[in-house]
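Colleague: This is the structure, below, for whatever I ask next.
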Amino acid sequence: MFPNLRQFGILTVFMFFVLSTRYLTVSSVLYWLLWVRRPPSWEVRRLHDMHQRKSKMKSEIKWSLFSCFIFALPSAFMIEMINLGYTKVYLNFMDYGWVYLPLSLFIYLILHDTYFYWTHRWLHIPSIYRRFHQVHHESINPTPWTSFSFDPVESIIQAIIIPVMVFIIPIHISMVGLLLTLMTIFGVVNHTGYEVYPYSWIRGFWGKHWITPTHHTIHHHKFNCNYGLYFRFWDKLMNTDIMVKTQINADKRR
């Protein structure tokens, strides 16, 4: 069942290159656009100041690159298992029908969000927090560089869930790619320090049910709320959902 070690090592190095390149590229582009070359009109979208951020950025990049390496290991294993046919990942669109394609993606998103919420809350238990989650919360004022700045143990916890799920729940290979893309988008966008979504979205269905930069920045400021990854469902159900409307201040942009 286990892949050839040499092949696994090569694939791990390749995945590390892919993940680290993606992190550095997406984070640097968003940081340049939002924090360096932002239009003046976007100043009102800023969620915090940048006091003493430079030293944090170096630390965030270091921890994020280490996280990329940790994520590369189960990713390489998952790819090998898919190639060997041991997972529930399928290639033929019609194996489960067209309706199941978006349904499977939604199931994965719901289960991943559930796993993230409860592991995230566990990481905020004071004794656990000091050991395994404090690295991420050293970035009280997040930027795109913060998105993968994790303690190694936290990286392992977050890296294993998708590789485990592909052994249990059928999903098309294209939906796996889309899922991993959405993970990256939400991870980076929610740490931008700017509210990037249109304010009509924030006031509407999206802002009421999905995580936004404003919602997640409040978590970095208050620590004891807004634990979700994609959705606000568990936060609302468990009474840990906080949204400070004054940070959006949409009326000024009408």
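Residue numbers start at 1 in each chain; chains themselves are named A, B, ... in the order of the structure tokens; ligands are numbered from 1 in the order shown.
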In stretch 66-172 of chain A, what's strand (DSSP E) per DSSP? Answer as an NGL selection string?
Modeller: :A and (89-90 or 171-172)
Colleague: With all heavy atoms retained, write the just-selected residues as a short mmCIF file (atom, residue, chain, number, x, y, z; two decimals), in the first residue's frame.
Modeller:
```cif
data_model
loop_
_atom_site.label_atom_id
_atom_site.label_comp_id
_atom_site.auth_asym_id
_atom_site.auth_seq_id
_atom_site.Cartn_x
_atom_site.Cartn_y
_atom_site.Cartn_z
N VAL A 89 -11.20 8.77 -4.73
CA VAL A 89 -11.12 9.76 -5.80
C VAL A 89 -11.32 9.05 -7.13
O VAL A 89 -10.68 8.03 -7.41
CB VAL A 89 -9.77 10.49 -5.77
CG1 VAL A 89 -9.65 11.46 -6.95
CG2 VAL A 89 -9.59 11.23 -4.45
N TYR A 90 -12.21 9.59 -7.96
CA TYR A 90 -12.50 8.96 -9.25
C TYR A 90 -12.24 9.94 -10.39
O TYR A 90 -12.18 11.16 -10.19
CB TYR A 90 -13.93 8.43 -9.28
CG TYR A 90 -15.02 9.48 -9.11
CD1 TYR A 90 -15.65 10.06 -10.22
CD2 TYR A 90 -15.43 9.89 -7.84
CE1 TYR A 90 -16.66 11.00 -10.06
CE2 TYR A 90 -16.42 10.84 -7.67
CZ TYR A 90 -17.04 11.38 -8.79
OH TYR A 90 -18.03 12.32 -8.64
N ILE A 171 -15.07 11.53 -4.42
CA ILE A 171 -14.97 12.89 -4.95
C ILE A 171 -14.19 12.83 -6.26
O ILE A 171 -13.23 12.07 -6.39
CB ILE A 171 -14.29 13.84 -3.94
CG1 ILE A 171 -14.32 15.30 -4.46
CG2 ILE A 171 -12.86 13.40 -3.64
CD1 ILE A 171 -13.89 16.33 -3.40
N HIS A 172 -14.61 13.60 -7.24
CA HIS A 172 -13.91 13.65 -8.52
C HIS A 172 -12.60 14.42 -8.37
O HIS A 172 -12.51 15.36 -7.58
CB HIS A 172 -14.79 14.30 -9.59
CG HIS A 172 -14.24 14.18 -10.97
ND1 HIS A 172 -13.44 15.15 -11.54
CD2 HIS A 172 -14.34 13.17 -11.90
CE1 HIS A 172 -13.10 14.77 -12.76
NE2 HIS A 172 -13.64 13.57 -13.00
#
```
Colleague: Write out as a PyMOL selection string which residues come within 12 Å of A:Ile61 when counting only C-alpha atoms, dropping same-chain ones fewer than 3 positions away.
Modeller: chain A and resi 20-21+23-25+27-28+54-58+64-68+135-136+139+143-150
Colleague: Which distance in Å separates atom CA of A:Ile161 and atom CA of A:Phe69, to one decimal?
Modeller: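 One can read the atom CA of A:Ile161 to atom CA of A:Phe69 distance as 16.1 Å.
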Colleague: Could you give me, as a Markdown table, every stretch 84-175 of chain A residue with an atom at most 7 Å from stretch 210-226 of chain A, plus its closest atom pair and distance in Å to one decimal, counting only C-alpha atoms, rows ordered by chain then number?
Modeller:
```
| residue | atom | partner | partner_atom | distance |
| --- | --- | --- | --- | --- |
| A:His137 | CA | A:His220 | CA | 6.4 |
| A:Ile140 | CA | A:His220 | CA | 5.2 |
| A:Asn141 | CA | A:His220 | CA | 6.9 |
```
Colleague: Using only C-alpha atoms, can you tell me which of A:Ala76, A:Leu19, A:Val26, A:Val176 comes closest to A:Arg6?
Modeller: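 The answer is A:Ala76, which sits nearest to A:Arg6.
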Colleague: May I ask which of the residues A:Met183, A:Ser127, A:Tyr86, A:Ile162 is the closest one to A:Leu111, counting only C-alpha atoms?
Modeller: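 Result for the nearest residue to A:Leu111: A:Ile162.
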Colleague: Please identify which residues in stretch 3-200 of chain A DSSP calls alpha helix (DSSP H) from the backbone, and express them as an MDAnalysis selection string.
Modeller: chainID A and resid 5:31 53:84 100:123 126:132 134:137 152:159 161:165 173:189 199:200
Colleague: Taking 2 positions as the minimum chain separation for residues in the same chain, which residues sit within 7 Å of A:Thr12 when counting only C-alpha atoms? Answer as a list in words.
Modeller: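 Neighbouring residues, sequence-local ones excluded: Phe8, Gly9, Ile10, Phe14, Met15, Phe16, Ala72, Leu73 and Ala76 of chain A.
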Colleague: Could you check which of A:Pro198, A:Gly207, A:Pro170, A:Gly177 is closest to A:Asn92, using only C-alpha atoms?
Modeller: A:Pro170
